[in-house]
Amino acid sequence: MKNNSFAYLLFLFLMFSCSEKQKTVKQQEQQEGITILIQPFRDISSEKVGKVTEGIRKVYPNVKVLDAIDFPGNAYYKERNRYRADSIIKFLSAKTKENFVTIGLTSKDISVTKGNVKDFGVMGLGYRPGKACVASNFRLSKKNSDEQFYKIAIHELGHTQGLPHCPEKMCFMRDAEGKNPTNEETDFCKKCKTFLISKNWKFSSI
């Protein structure tokens, strides 16, 4: 009888111990969050990639820059000399493992089907939520293109985290509505910041 009681107590102890370990691992994963992978395509300069990376690291330090690669063959849209953003995202998503998010960076013109327009030029594209997104500096003004490029990149990364477009005109998550309003954007709004903080993003103020 004593042996049975001891075995039962040992079983309960092991069950509790395993449960606590699993809980600790889960908490650590939630605390660490995802890793953002910056995937440059061969057309973009390392200087441009460095500027975007520097900006992203200020609000999300867990970032890794990958070696430049070629575009997937099926992404090229010959009729307009553009690259299909949705095809790029599909390609990057397939390469992206669990707990990672990849953002592709390019200087080429990218496009997507929008409503009745088969080939609509865009600055970036990201799905909500998603494992990958893409940003292009092709349509940005030359005067402050580095700052604008960062804002496009951070906007698309926001979508991958689950953020929708924001009605605040100063927020990085505002809808471009076919234009380039990046010069009017100053930061994530308080609501968007609060959401990203829950995803382990870091902000000096809120």
# chains A, B, ... in the order shown; residues from 1 in each chain; ligands from 1

call {"tool": "select_by_dssp", "arguments": {"residues": "range 9-203 of chain A", "states": "strand (DSSP E or B)", "output": "PyMOL selection string"}}
result
chain A and resi 35-41+63-65+69+76-77+82-84+100-106+110-114+117-122+124-126+132-136+166+171+174+187

call {"tool": "select_by_dssp", "arguments": {"residues": "range 78-146 of chain A", "states": "helix (DSSP H, G or I)", "output": "number ranges by chain"}}
result
A: 78-80, 85-95, 145-146

call {"tool": "residues_around", "arguments": {"residues": "Ser204 in chain A", "least_positions_apart": "5", "cutoff": "12 Å", "atoms": "only C-alpha atoms", "output": "list in words"}}
result
Lys58, Val59, Tyr60, Asp187, Phe188, Lys193 and Ile197 of chain A

call {"tool": "residues_around", "arguments": {"residues": "Val134 in chain A", "least_positions_apart": "2", "cutoff": "10 Å", "atoms": "only C-alpha atoms", "output": "ChimeraX atom specification"}}
result
/A:38-40,85-86,88-89,92,102-106,110,123-127,132,136,152-153,156-157

call {"tool": "atom_distance", "arguments": {"atom1": "CA of Cys171 in chain A", "atom2": "CA of Ser107 in chain A"}}
result
23.9 Å

call {"tool": "atom_distance", "arguments": {"atom1": "CA of Asp67 in chain A", "atom2": "CA of Arg42 in chain A"}}
result
8.9 Å

call {"tool": "atom_distance", "arguments": {"atom1": "CA of Lys114 in chain A", "atom2": "CA of Asn137 in chain A"}}
result
19.7 Å

call {"tool": "closest_residue", "arguments": {"among": "A:Thr194, A:Lys64, A:Ser141, A:Gly162", "to": "Val52 in chain A", "atoms": "only C-alpha atoms"}}
result
A:Lys64
